[in-house]
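target-v1.cif, holding mmCIF, C-alpha atoms and all ligand atoms:
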```
data_my_file
loop_
_atom_site.group_PDB
_atom_site.id
_atom_site.type_symbol
_atom_site.label_atom_id
_atom_site.label_comp_id
_atom_site.auth_asym_id
_atom_site.auth_seq_id
_atom_site.Cartn_x
_atom_site.Cartn_y
_atom_site.Cartn_z
ATOM 1 C CA MET A 1 -67.941 3.785 200.171
ATOM 2 C CA SER A 2 -70.058 6.737 201.217
ATOM 3 C CA ALA A 3 -68.768 9.385 203.613
ATOM 4 C CA GLN A 4 -71.491 8.265 205.962
ATOM 5 C CA ARG A 5 -70.298 4.692 206.046
ATOM 6 C CA GLN A 6 -66.701 5.745 206.389
ATOM 7 C CA ASN A 7 -67.696 7.739 209.403
ATOM 8 C CA ASN A 8 -69.601 4.774 210.750
ATOM 9 C CA ALA A 9 -66.496 2.693 210.294
ATOM 10 C CA ARG A 10 -64.651 5.266 212.381
ATOM 11 C CA GLY A 11 -66.974 4.627 215.267
ATOM 12 C CA SER A 12 -70.036 6.790 214.711
ATOM 13 C CA ARG A 13 -72.915 6.167 217.067
ATOM 14 C CA ARG A 14 -75.298 5.265 214.239
ATOM 15 C CA THR A 15 -75.719 1.525 213.941
ATOM 16 C CA ASN A 16 -79.449 1.042 213.653
ATOM 17 C CA ARG A 17 -80.485 0.803 210.030
ATOM 18 C CA GLY A 18 -84.228 0.409 210.115
ATOM 19 C CA PRO A 19 -86.943 2.760 211.373
ATOM 20 C CA ARG A 20 -86.973 2.723 215.111
ATOM 21 C CA THR A 21 -90.336 2.178 216.696
ATOM 22 C CA ASP A 22 -89.148 1.353 220.202
ATOM 23 C CA VAL A 23 -90.446 4.367 222.097
ATOM 24 C CA SER A 24 -88.121 3.740 225.009
ATOM 25 C CA LYS A 25 -85.330 5.020 222.769
ATOM 26 C CA THR A 26 -84.572 8.735 222.680
ATOM 27 C CA ALA A 27 -86.204 10.584 219.836
ATOM 28 C CA VAL A 28 -83.818 12.398 217.483
ATOM 29 C CA ILE A 29 -86.367 15.204 217.385
ATOM 30 C CA ASP A 30 -88.804 15.760 220.218
ATOM 31 C CA ILE A 31 -90.777 18.995 220.131
ATOM 32 C CA ARG A 32 -93.422 19.717 222.697
ATOM 33 C CA ASN A 33 -96.082 22.329 222.306
ATOM 34 C CA ILE A 34 -93.938 24.614 220.174
ATOM 35 C CA THR A 35 -95.356 28.021 219.302
ATOM 36 C CA LYS A 36 -93.968 30.790 217.126
ATOM 37 C CA THR A 37 -95.386 34.267 217.098
ATOM 38 C CA TYR A 38 -94.046 37.099 214.989
ATOM 39 C CA GLN A 39 -94.541 40.647 216.151
ATOM 40 C CA MET A 40 -95.509 42.829 213.178
ATOM 41 C CA GLY A 41 -95.818 46.327 214.612
ATOM 42 C CA GLN A 42 -98.972 46.235 216.725
ATOM 43 C CA LEU A 43 -99.977 42.928 215.262
ATOM 44 C CA GLU A 44 -99.138 39.500 216.637
ATOM 45 C CA LEU A 45 -98.885 36.870 213.946
ATOM 46 C CA ARG A 46 -99.274 33.395 215.459
ATOM 47 C CA VAL A 47 -97.643 31.074 212.992
ATOM 48 C CA LEU A 48 -97.185 27.881 215.036
ATOM 49 C CA LYS A 49 -99.901 27.220 217.589
ATOM 50 C CA GLY A 50 -98.678 24.331 219.698
ATOM 51 C CA VAL A 51 -96.924 21.697 217.623
ATOM 52 C CA SER A 52 -95.779 18.465 219.266
ATOM 53 C CA VAL A 53 -94.055 15.650 217.434
ATOM 54 C CA LYS A 54 -91.469 12.946 218.055
ATOM 55 C CA ILE A 55 -89.259 11.659 215.279
ATOM 56 C CA PHE A 56 -87.102 8.597 215.922
ATOM 57 C CA GLU A 57 -83.842 7.504 214.398
ATOM 58 C CA GLY A 58 -84.221 6.059 210.928
ATOM 59 C CA GLU A 59 -87.574 7.671 210.188
ATOM 60 C CA PHE A 60 -88.268 9.296 206.824
ATOM 61 C CA VAL A 61 -90.925 11.946 207.271
ATOM 62 C CA SER A 62 -92.496 14.425 204.908
ATOM 63 C CA ILE A 63 -94.271 17.559 206.061
ATOM 64 C CA MET A 64 -97.048 18.851 203.857
ATOM 65 C CA GLY A 65 -99.506 21.685 204.194
ATOM 66 C CA PRO A 66 -100.901 24.762 202.467
ATOM 67 C CA SER A 67 -98.664 27.714 201.695
ATOM 68 C CA GLY A 68 -98.305 29.814 204.835
ATOM 69 C CA SER A 69 -99.229 26.980 207.213
ATOM 70 C CA GLY A 70 -95.875 27.240 208.994
ATOM 71 C CA LYS A 71 -93.811 24.448 207.395
ATOM 72 C CA SER A 72 -90.628 26.474 206.836
ATOM 73 C CA THR A 73 -91.022 28.136 210.228
ATOM 74 C CA LEU A 74 -91.147 24.683 211.822
ATOM 75 C CA MET A 75 -88.199 23.404 209.783
ATOM 76 C CA ASN A 76 -86.087 26.407 210.756
ATOM 77 C CA ILE A 77 -86.823 25.679 214.409
ATOM 78 C CA LEU A 78 -86.001 21.977 213.955
ATOM 79 C CA GLY A 79 -82.762 23.023 212.269
ATOM 80 C CA ALA A 80 -81.900 25.354 215.161
ATOM 81 C CA LEU A 81 -81.802 28.216 212.658
ATOM 82 C CA ASP A 82 -84.610 29.902 214.594
ATOM 83 C CA THR A 83 -85.990 29.648 218.123
ATOM 84 C CA PRO A 84 -89.588 29.000 219.167
ATOM 85 C CA SER A 85 -91.593 31.569 221.171
ATOM 86 C CA SER A 86 -92.533 28.845 223.645
ATOM 87 C CA GLY A 87 -92.395 25.086 224.016
ATOM 88 C CA LYS A 88 -89.599 22.606 224.269
ATOM 89 C CA PHE A 89 -87.222 21.203 221.676
ATOM 90 C CA LEU A 90 -85.039 18.218 222.527
ATOM 91 C CA LEU A 91 -82.495 17.281 219.878
ATOM 92 C CA ASP A 92 -81.031 13.838 220.584
ATOM 93 C CA GLY A 93 -82.279 14.324 224.137
ATOM 94 C CA VAL A 94 -80.581 17.719 224.599
ATOM 95 C CA ASP A 95 -82.758 20.715 225.469
ATOM 96 C CA VAL A 96 -81.823 23.175 222.741
ATOM 97 C CA SER A 97 -83.199 26.230 224.579
ATOM 98 C CA LYS A 98 -80.608 25.755 227.331
ATOM 99 C CA LEU A 99 -77.641 26.048 224.968
ATOM 100 C CA SER A 100 -75.421 29.094 224.452
ATOM 101 C CA GLU A 101 -75.019 30.560 220.946
ATOM 102 C CA ASN A 102 -71.716 28.723 220.515
ATOM 103 C CA GLU A 103 -73.051 25.402 221.708
ATOM 104 C CA LEU A 104 -76.032 25.818 219.438
ATOM 105 C CA ALA A 105 -73.843 26.563 216.409
ATOM 106 C CA SER A 106 -71.747 23.527 217.184
ATOM 107 C CA ILE A 107 -74.758 21.222 217.588
ATOM 108 C CA ARG A 108 -76.269 22.565 214.390
ATOM 109 C CA ASN A 109 -73.073 21.855 212.500
ATOM 110 C CA LYS A 110 -72.579 18.349 213.887
ATOM 111 C CA LYS A 111 -76.095 16.997 214.198
ATOM 112 C CA ILE A 112 -78.117 18.639 211.474
ATOM 113 C CA GLY A 113 -77.731 18.690 207.729
ATOM 114 C CA PHE A 114 -79.949 21.281 206.074
ATOM 115 C CA VAL A 115 -80.940 21.226 202.389
ATOM 116 C CA PHE A 116 -82.748 24.241 200.962
ATOM 117 C CA GLN A 117 -85.097 24.639 198.019
ATOM 118 C CA ASN A 118 -82.695 27.029 196.283
ATOM 119 C CA PHE A 119 -79.592 24.940 197.117
ATOM 120 C CA ASN A 120 -77.832 27.832 198.988
ATOM 121 C CA LEU A 121 -74.431 27.156 197.446
ATOM 122 C CA LEU A 122 -71.608 29.689 197.354
ATOM 123 C CA LYS A 123 -71.454 31.086 193.815
ATOM 124 C CA ARG A 124 -67.702 31.170 193.342
ATOM 125 C CA THR A 125 -66.785 27.979 195.158
ATOM 126 C CA GLU A 126 -66.035 24.604 193.609
ATOM 127 C CA ALA A 127 -68.132 21.582 194.570
ATOM 128 C CA LEU A 128 -65.405 19.887 196.624
ATOM 129 C CA ARG A 129 -64.741 23.044 198.628
ATOM 130 C CA GLN A 130 -68.474 23.620 199.261
ATOM 131 C CA VAL A 131 -68.730 20.162 200.791
ATOM 132 C CA GLU A 132 -65.531 20.627 202.826
ATOM 133 C CA LEU A 133 -66.862 23.741 204.560
ATOM 134 C CA PRO A 134 -68.890 22.080 207.365
ATOM 135 C CA LEU A 135 -65.773 20.011 208.127
ATOM 136 C CA VAL A 136 -63.673 23.177 208.420
ATOM 137 C CA TYR A 137 -66.072 24.468 211.091
ATOM 138 C CA SER A 138 -65.888 21.132 212.912
ATOM 139 C CA GLY A 139 -62.086 21.143 212.782
ATOM 140 C CA ILE A 140 -61.966 17.743 211.105
ATOM 141 C CA ARG A 141 -58.871 16.630 209.179
ATOM 142 C CA ASN A 142 -58.973 14.525 206.006
ATOM 143 C CA ARG A 143 -61.446 17.047 204.707
ATOM 144 C CA SER A 144 -60.968 16.556 201.012
ATOM 145 C CA ARG A 145 -61.112 12.764 201.322
ATOM 146 C CA LEU A 146 -64.415 12.920 203.220
ATOM 147 C CA ALA A 147 -65.859 15.603 200.934
ATOM 148 C CA LYS A 148 -64.867 13.603 197.876
ATOM 149 C CA ALA A 149 -66.513 10.468 199.305
ATOM 150 C CA ALA A 150 -69.704 12.438 200.007
ATOM 151 C CA LEU A 151 -69.754 13.813 196.454
ATOM 152 C CA GLU A 152 -69.110 10.352 195.049
ATOM 153 C CA SER A 153 -71.999 8.983 197.094
ATOM 154 C CA VAL A 154 -74.362 11.381 195.330
ATOM 155 C CA GLY A 155 -72.896 10.523 191.921
ATOM 156 C CA LEU A 156 -70.763 13.651 191.509
ATOM 157 C CA GLY A 157 -67.285 12.141 191.690
ATOM 158 C CA GLN A 158 -66.593 13.579 188.232
ATOM 159 C CA ARG A 159 -67.666 17.133 189.094
ATOM 160 C CA LEU A 160 -65.411 17.980 192.040
ATOM 161 C CA ASP A 161 -64.025 21.244 190.636
ATOM 162 C CA HIS A 162 -67.191 22.552 189.039
ATOM 163 C CA LEU A 163 -68.708 25.842 190.134
ATOM 164 C CA PRO A 164 -72.496 25.945 190.733
ATOM 165 C CA SER A 165 -72.916 27.769 187.391
ATOM 166 C CA GLU A 166 -71.227 24.779 185.729
ATOM 167 C CA LEU A 167 -73.742 22.306 187.194
ATOM 168 C CA SER A 168 -77.380 21.488 186.434
ATOM 169 C CA GLY A 169 -80.056 22.225 189.045
ATOM 170 C CA GLY A 170 -80.227 18.563 190.052
ATOM 171 C CA GLN A 171 -76.447 18.403 190.353
ATOM 172 C CA GLN A 172 -76.373 21.582 192.456
ATOM 173 C CA GLN A 173 -78.939 20.055 194.794
ATOM 174 C CA ARG A 174 -76.813 16.917 195.017
ATOM 175 C CA VAL A 175 -73.803 19.061 196.030
ATOM 176 C CA ALA A 176 -76.028 20.577 198.724
ATOM 177 C CA ILE A 177 -77.019 17.075 199.886
ATOM 178 C CA ALA A 178 -73.357 16.003 200.001
ATOM 179 C CA ARG A 179 -72.616 19.118 202.063
ATOM 180 C CA ALA A 180 -75.493 18.269 204.417
ATOM 181 C CA LEU A 181 -74.344 14.699 205.014
ATOM 182 C CA VAL A 182 -70.560 15.105 205.138
ATOM 183 C CA ASN A 183 -70.549 15.645 208.917
ATOM 184 C CA SER A 184 -72.598 12.469 209.555
ATOM 185 C CA PRO A 185 -75.542 14.394 210.997
ATOM 186 C CA SER A 186 -78.203 12.731 213.150
ATOM 187 C CA VAL A 187 -80.834 14.196 210.902
ATOM 188 C CA ILE A 188 -81.188 15.722 207.453
ATOM 189 C CA LEU A 189 -83.781 18.464 207.162
ATOM 190 C CA ALA A 190 -84.798 19.548 203.692
ATOM 191 C CA ASP A 191 -87.240 22.344 202.864
ATOM 192 C CA GLU A 192 -88.740 21.528 199.466
ATOM 193 C CA PRO A 193 -85.526 19.987 198.126
ATOM 194 C CA THR A 194 -87.203 18.981 194.867
ATOM 195 C CA GLY A 195 -89.274 22.168 194.529
ATOM 196 C CA ASN A 196 -86.989 23.748 191.922
ATOM 197 C CA LEU A 197 -86.178 20.590 190.007
ATOM 198 C CA ASP A 198 -87.690 18.952 186.940
ATOM 199 C CA SER A 199 -89.224 15.547 187.555
ATOM 200 C CA ARG A 200 -86.168 13.544 186.458
ATOM 201 C CA SER A 201 -83.794 15.481 188.732
ATOM 202 C CA GLY A 202 -86.421 15.279 191.480
ATOM 203 C CA THR A 203 -86.474 11.485 191.137
ATOM 204 C CA GLU A 204 -82.659 11.355 191.326
ATOM 205 C CA VAL A 205 -82.697 13.430 194.480
ATOM 206 C CA MET A 206 -85.407 11.189 195.983
ATOM 207 C CA GLN A 207 -83.337 8.118 195.134
ATOM 208 C CA ILE A 208 -80.441 9.608 197.086
ATOM 209 C CA PHE A 209 -82.612 10.446 200.110
ATOM 210 C CA GLN A 210 -84.126 6.964 200.074
ATOM 211 C CA ARG A 211 -80.714 5.316 199.852
ATOM 212 C CA LEU A 212 -79.298 7.454 202.681
ATOM 213 C CA ASN A 213 -82.281 6.532 204.807
ATOM 214 C CA ARG A 214 -82.306 2.827 203.927
ATOM 215 C CA GLU A 215 -78.585 2.078 203.874
ATOM 216 C CA ASP A 216 -77.150 4.584 206.318
ATOM 217 C CA GLY A 217 -80.219 4.917 208.540
ATOM 218 C CA ILE A 218 -80.197 8.718 208.295
ATOM 219 C CA THR A 219 -83.279 10.271 209.823
ATOM 220 C CA THR A 220 -84.799 12.513 207.185
ATOM 221 C CA VAL A 221 -87.499 15.156 207.421
ATOM 222 C CA PHE A 222 -88.578 17.120 204.447
ATOM 223 C CA VAL A 223 -91.177 19.522 203.276
ATOM 224 C CA THR A 224 -92.913 18.948 199.991
ATOM 225 C CA HIS A 225 -95.959 20.245 198.189
ATOM 226 C CA ASP A 226 -95.935 17.204 195.976
ATOM 227 C CA PRO A 227 -98.118 14.278 197.133
ATOM 228 C CA TRP A 228 -96.263 11.986 194.742
ATOM 229 C CA ILE A 229 -92.964 12.818 196.437
ATOM 230 C CA ALA A 230 -94.571 12.421 199.875
ATOM 231 C CA ARG A 231 -95.631 8.896 198.966
ATOM 232 C CA HIS A 232 -91.948 7.974 198.740
ATOM 233 C CA THR A 233 -91.518 8.681 202.460
ATOM 234 C CA LYS A 234 -92.597 6.539 205.416
ATOM 235 C CA ARG A 235 -94.679 9.030 207.350
ATOM 236 C CA VAL A 236 -96.615 12.136 206.360
ATOM 237 C CA ILE A 237 -97.353 14.991 208.755
ATOM 238 C CA MET A 238 -99.843 17.606 207.609
ATOM 239 C CA LEU A 239 -99.756 21.116 208.970
ATOM 240 C CA ARG A 240 -102.610 23.524 208.633
ATOM 241 C CA ASP A 241 -102.784 26.989 210.074
ATOM 242 C CA GLY A 242 -99.935 26.343 212.499
ATOM 243 C CA LYS A 243 -101.204 22.993 213.804
ATOM 244 C CA ILE A 244 -100.688 19.346 212.956
ATOM 245 C CA VAL A 245 -103.933 18.076 211.455
ATOM 246 C CA ALA A 246 -102.775 14.615 210.378
ATOM 247 C CA ASP A 247 -99.829 12.351 211.095
ATOM 248 C CA GLN A 248 -99.871 8.959 209.393
ATOM 249 C CA ARG A 249 -97.625 6.146 208.256
ATOM 250 C CA VAL A 250 -97.411 5.579 204.517
ATOM 251 C CA LYS A 251 -98.413 1.932 204.101
ATOM 252 C CA GLU A 252 -96.211 1.075 201.164
ATOM 253 C CA PRO A 253 -93.736 3.842 200.388
ATOM 254 C CA LEU A 254 -92.896 4.020 196.685
ATOM 255 C CA VAL A 255 -89.377 3.381 195.460
ATOM 256 C CA ALA A 256 -88.041 6.399 193.566
ATOM 257 C CA GLY A 257 -87.593 5.740 189.873
ATOM 258 C CA GLU A 258 -89.600 2.500 189.901
ATOM 259 C CA ALA A 259 -93.200 3.606 189.799
ATOM 260 C CA GLU A 260 -94.615 5.719 186.980
ATOM 261 C CA ARG A 261 -96.020 9.055 188.151
ATOM 262 C CA PRO A 262 -99.827 8.790 187.826
ATOM 263 C CA SER A 263 -102.170 11.532 186.740
ATOM 264 C CA GLU A 264 -102.498 14.427 189.112
ATOM 265 C CA ALA A 265 -105.976 13.337 190.206
ATOM 266 C CA GLU A 266 -104.893 9.787 191.083
ATOM 267 C CA GLU A 267 -101.835 11.163 192.784
ATOM 268 C CA LEU A 268 -103.889 13.325 195.103
ATOM 269 C CA GLN A 269 -106.337 10.541 195.772
ATOM 270 C CA GLY A 270 -103.528 8.189 196.804
ATOM 271 C CA ILE A 271 -102.357 10.430 199.566
ATOM 272 C CA PHE A 272 -105.673 11.792 200.727
ATOM 273 C CA ASP A 273 -107.156 8.317 201.117
ATOM 274 C CA GLU A 274 -104.674 7.970 203.938
ATOM 275 C CA THR A 275 -104.374 11.409 205.443
ATOM 276 C CA TYR A 276 -107.243 13.567 204.261
ATOM 277 C CA TYR A 277 -108.297 15.820 207.099
ATOM 278 C CA GLY A 278 -111.586 17.069 205.711
ATOM 279 C CA GLY A 279 -110.570 20.459 204.331
ATOM 280 C CA ASP A 280 -110.134 21.555 200.738
ATOM 281 C CA GLU A 281 -107.742 19.217 198.924
ATOM 282 C CA ASN A 282 -106.574 22.053 196.701
ATOM 283 C CA GLU A 283 -104.953 23.688 199.690
ATOM 284 C CA TYR A 284 -102.347 20.963 199.741
ATOM 285 C CA THR A 285 -100.972 21.432 196.257
HETATM 286 N N1 LIG B 301 -89.766 36.478 209.741
HETATM 287 C C1 LIG B 301 -91.095 36.573 209.663
HETATM 288 N N2 LIG B 301 -91.755 37.642 210.136
HETATM 289 C C2 LIG B 301 -93.093 37.720 210.073
HETATM 290 N N3 LIG B 301 -93.900 36.776 209.544
HETATM 291 C C3 LIG B 301 -93.311 35.676 209.048
HETATM 292 C C4 LIG B 301 -91.885 35.504 209.075
HETATM 293 N N4 LIG B 301 -91.592 34.322 208.517
HETATM 294 C C5 LIG B 301 -92.773 33.774 208.146
HETATM 295 N N5 LIG B 301 -93.796 34.580 208.460
HETATM 296 C C6 LIG B 301 -95.229 34.298 208.239
HETATM 297 O O1 LIG B 301 -95.506 33.051 208.830
HETATM 298 C C7 LIG B 301 -96.434 32.315 208.049
HETATM 299 C C8 LIG B 301 -95.863 30.942 207.774
HETATM 300 O O2 LIG B 301 -94.733 31.054 206.931
HETATM 301 P P1 LIG B 301 -93.901 29.780 206.448
HETATM 302 O O3 LIG B 301 -92.776 30.277 205.628
HETATM 303 O O4 LIG B 301 -93.579 28.939 207.624
HETATM 304 O O5 LIG B 301 -94.985 29.030 205.560
HETATM 305 P P2 LIG B 301 -94.843 27.722 204.664
HETATM 306 O O6 LIG B 301 -95.831 26.730 205.170
HETATM 307 O O7 LIG B 301 -93.420 27.300 204.599
HETATM 308 O O8 LIG B 301 -95.347 28.222 203.247
HETATM 309 P P3 LIG B 301 -94.827 27.877 201.749
HETATM 310 O O9 LIG B 301 -95.473 26.565 201.411
HETATM 311 O O10 LIG B 301 -95.367 28.969 200.923
HETATM 312 O O11 LIG B 301 -93.331 27.817 201.763
HETATM 313 C C9 LIG B 301 -96.684 33.134 206.801
HETATM 314 O O12 LIG B 301 -97.922 33.740 206.942
HETATM 315 C C10 LIG B 301 -95.570 34.139 206.782
HETATM 316 O O13 LIG B 301 -96.013 35.347 206.236
HETATM 317 MG MG MG B 302 -91.969 27.248 203.057
#
```

Could you express the structure from this file as structure tokens?
Amino acid sequence: MSAQRQNNARGSRRTNRGPRTDVSKTAVIDIRNITKTYQMGQLELRVLKGVSVKIFEGEFVSIMGPSGSGKSTLMNILGALDTPSSGKFLLDGVDVSKLSENELASIRNKKIGFVFQNFNLLKRTEALRQVELPLVYSGIRNRSRLAKAALESVGLGQRLDHLPSELSGGQQQRVAIARALVNSPSVILADEPTGNLDSRSGTEVMQIFQRLNREDGITTVFVTHDPWIARHTKRVIMLRDGKIVADQRVKEPLVAGEAERPSEAEELQGIFDETYYGGDENEYT
């Protein structure tokens, strides 16, 4: 049994397993006219220029866009790792800007699981201990049992005492996913989680995300440059120059590991048939 399901069995609020389209329900993520401006000496760098989006429980969303379009900036705001310059961010209905530092840290730990492109694991810490850490901050008991279940759910039950240097890239990313989901977050945010992986490890990681979304109903948002990966999600949002330029459902999301990756040209065509915004396709790869 996965850590997620164990937590559900202990009375977690998550019961809905499919994508939720009923707009009367509270969005897990609701951002309204978010902007982010960096001050660089005399210069103002406007990175997000009014981004509004609602993401409901059970959705599986990918964010695409050219390098520098503001994807990581947006993800860091969604993950409460950074604050917007203006606009509103409601996380599970709670206005994040009204929270104190402590409340924010607590919400981040409980509600959000973050997965990074470069895994962000502690170098000298064994897999089990890495996954236990978020539970330490939450003051939860039964830590090693829950951490072990999370690692087993990503296929790493046999690697509990391995250091990151004793794991492959794909395995390290799976430890990071286990760490992100061990607290039963409302949402998993991943910034290019397959960006540093070969295609086989990337497929394994996608299989895990798809299973977490399908079976445990975990809302998932991730950034990818890879149209093929994006086609495995249910909704694609395209950012360009700090604005959303397209936001579309994927008609028939692919199942990871089932379909053969097509040639690069076909791959691009598949996604741009649906979401092409009229700019240069090369910008998106
Ligand atoms: N802390 C910062 N201070 C100043 N400028 C920043 C900061 N962080 C990001 N930027 C700028 O904001 C813009 C958007 O950066 P961001 O990392 O969000 O892009 P991205 O879409 O994730 O790109 P990539 O696909 O290359 O990861 C870039 O032009 C970047 O230089
Ligand atoms: Mg980025």

* Ref. answer, residues at most 12 Å from (-82.2, 18.3, 219.6) with only C-alpha atoms, as a PyMOL selection string -> chain A and resi 26-32+54-56+77-80+88-99+103-104+106-108+110-112+185-187

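Here atom CA of Thr220 of chain A and atom CA of Leu189 of chain A stand 6.0 Å from one another.
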
* **Hits from the PyMOL selection byres (((chain A and resi 137) around 12) and not hetatm), listed as a PyMOL selection string** => chain A and resi 102+105-110+131-136+138-141+143+182-183

Kindly compile the residues surrounding ligand LIG 301 (chain B) within 7 Å, counting all atoms listed in the file, and format them as a compact mmCIF listing (two decimals) with C-alpha atoms, in the coordinates of the input.
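Generated output (out.txt):
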```txt
# COMPACT_ATOMS: atom_id res chain seq x y z
CA TYR A 38 -94.05 37.10 214.99
CA GLN A 39 -94.54 40.65 216.15
CA MET A 40 -95.51 42.83 213.18
CA LEU A 45 -98.88 36.87 213.95
CA VAL A 47 -97.64 31.07 212.99
CA GLY A 65 -99.51 21.68 204.19
CA PRO A 66 -100.90 24.76 202.47
CA SER A 67 -98.66 27.71 201.70
CA GLY A 68 -98.30 29.81 204.84
CA SER A 69 -99.23 26.98 207.21
CA GLY A 70 -95.88 27.24 208.99
CA LYS A 71 -93.81 24.45 207.40
CA SER A 72 -90.63 26.47 206.84
CA THR A 73 -91.02 28.14 210.23
CA LEU A 74 -91.15 24.68 211.82
```

* Asked: Nearest to Ala127 of chain A: which of A:Arg145, A:Lys36, A:Arg235, A:Arg174 is it, counting all atoms listed in the file?
  ->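 Checking each of A:Arg145, A:Lys36, A:Arg235, A:Arg174 against Ala127 of chain A, counting all atoms listed in the file, the winner is A:Arg174.
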
* **Of the listed residues A:Val205, A:Ile63, A:Ile188, A:Val53, that which approaches Lys234 of chain A most closely, counting all atoms listed in the file** =>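 With all atoms listed in the file as the atom set, the closest residue is A:Ile63.
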
* Selected residue of minimal separation from ligand MG 302 (chain B) among A:His225, A:Arg129, A:Lys123, A:Arg159, counting only C-alpha atoms and all ligand atoms ->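 The shortest atom-to-atom distance to ligand MG 302 (chain B) comes from A:His225.
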
Where atoms are lacking, segment 71-87 of chain A completed to N, CA and C atoms, as a JSON list (two decimals), in the coordinates of the input:
```json
[["chain", "number", "residue", "atom", "x", "y", "z"],
["A", 71, "LYS", "N", -94.76, 25.55, 207.63],
["A", 71, "LYS", "CA", -93.81, 24.45, 207.40],
["A", 71, "LYS", "C", -92.36, 24.91, 207.50],
["A", 72, "SER", "N", -92.02, 26.00, 206.80],
["A", 72, "SER", "CA", -90.63, 26.47, 206.84],
["A", 72, "SER", "C", -90.28, 27.00, 208.22],
["A", 73, "THR", "N", -91.24, 27.65, 208.86],
["A", 73, "THR", "CA", -91.02, 28.14, 210.23],
["A", 73, "THR", "C", -90.67, 26.96, 211.13],
["A", 74, "LEU", "N", -91.41, 25.88, 211.01],
["A", 74, "LEU", "CA", -91.15, 24.68, 211.82],
["A", 74, "LEU", "C", -89.78, 24.09, 211.48],
["A", 75, "MET", "N", -89.49, 23.98, 210.19],
["A", 75, "MET", "CA", -88.20, 23.40, 209.78],
["A", 75, "MET", "C", -87.04, 24.23, 210.31],
["A", 76, "ASN", "N", -87.18, 25.55, 210.27],
["A", 76, "ASN", "CA", -86.09, 26.41, 210.76],
["A", 76, "ASN", "C", -85.87, 26.22, 212.25],
["A", 77, "ILE", "N", -86.96, 25.96, 212.97],
["A", 77, "ILE", "CA", -86.82, 25.68, 214.41],
["A", 77, "ILE", "C", -86.16, 24.32, 214.61],
["A", 78, "LEU", "N", -86.61, 23.31, 213.84],
["A", 78, "LEU", "CA", -86.00, 21.98, 213.96],
["A", 78, "LEU", "C", -84.52, 22.02, 213.61],
["A", 79, "GLY", "N", -84.16, 22.91, 212.69],
["A", 79, "GLY", "CA", -82.76, 23.02, 212.27],
["A", 79, "GLY", "C", -81.95, 23.95, 213.15],
["A", 80, "ALA", "N", -82.56, 24.43, 214.23],
["A", 80, "ALA", "CA", -81.90, 25.35, 215.16],
["A", 80, "ALA", "C", -81.41, 26.61, 214.44],
["A", 81, "LEU", "N", -82.10, 26.97, 213.36],
["A", 81, "LEU", "CA", -81.80, 28.22, 212.66],
["A", 81, "LEU", "C", -82.66, 29.33, 213.24],
["A", 82, "ASP", "N", -83.69, 28.95, 213.98],
["A", 82, "ASP", "CA", -84.61, 29.90, 214.59],
["A", 82, "ASP", "C", -85.07, 29.30, 215.93],
["A", 83, "THR", "N", -85.56, 30.16, 216.82],
["A", 83, "THR", "CA", -85.99, 29.65, 218.12],
["A", 83, "THR", "C", -87.51, 29.81, 218.27],
["A", 84, "PRO", "N", -88.15, 28.88, 218.98],
["A", 84, "PRO", "CA", -89.59, 29.00, 219.17],
["A", 84, "PRO", "C", -89.92, 30.08, 220.19],
["A", 85, "SER", "N", -91.16, 30.59, 220.16],
["A", 85, "SER", "CA", -91.59, 31.57, 221.17],
["A", 85, "SER", "C", -91.86, 30.87, 222.49],
["A", 86, "SER", "N", -92.38, 29.65, 222.43],
["A", 86, "SER", "CA", -92.53, 28.84, 223.64],
["A", 86, "SER", "C", -92.54, 27.38, 223.26],
["A", 87, "GLY", "N", -92.43, 26.52, 224.27],
["A", 87, "GLY", "CA", -92.40, 25.09, 224.02],
["A", 87, "GLY", "C", -90.99, 24.57, 224.15]]
```
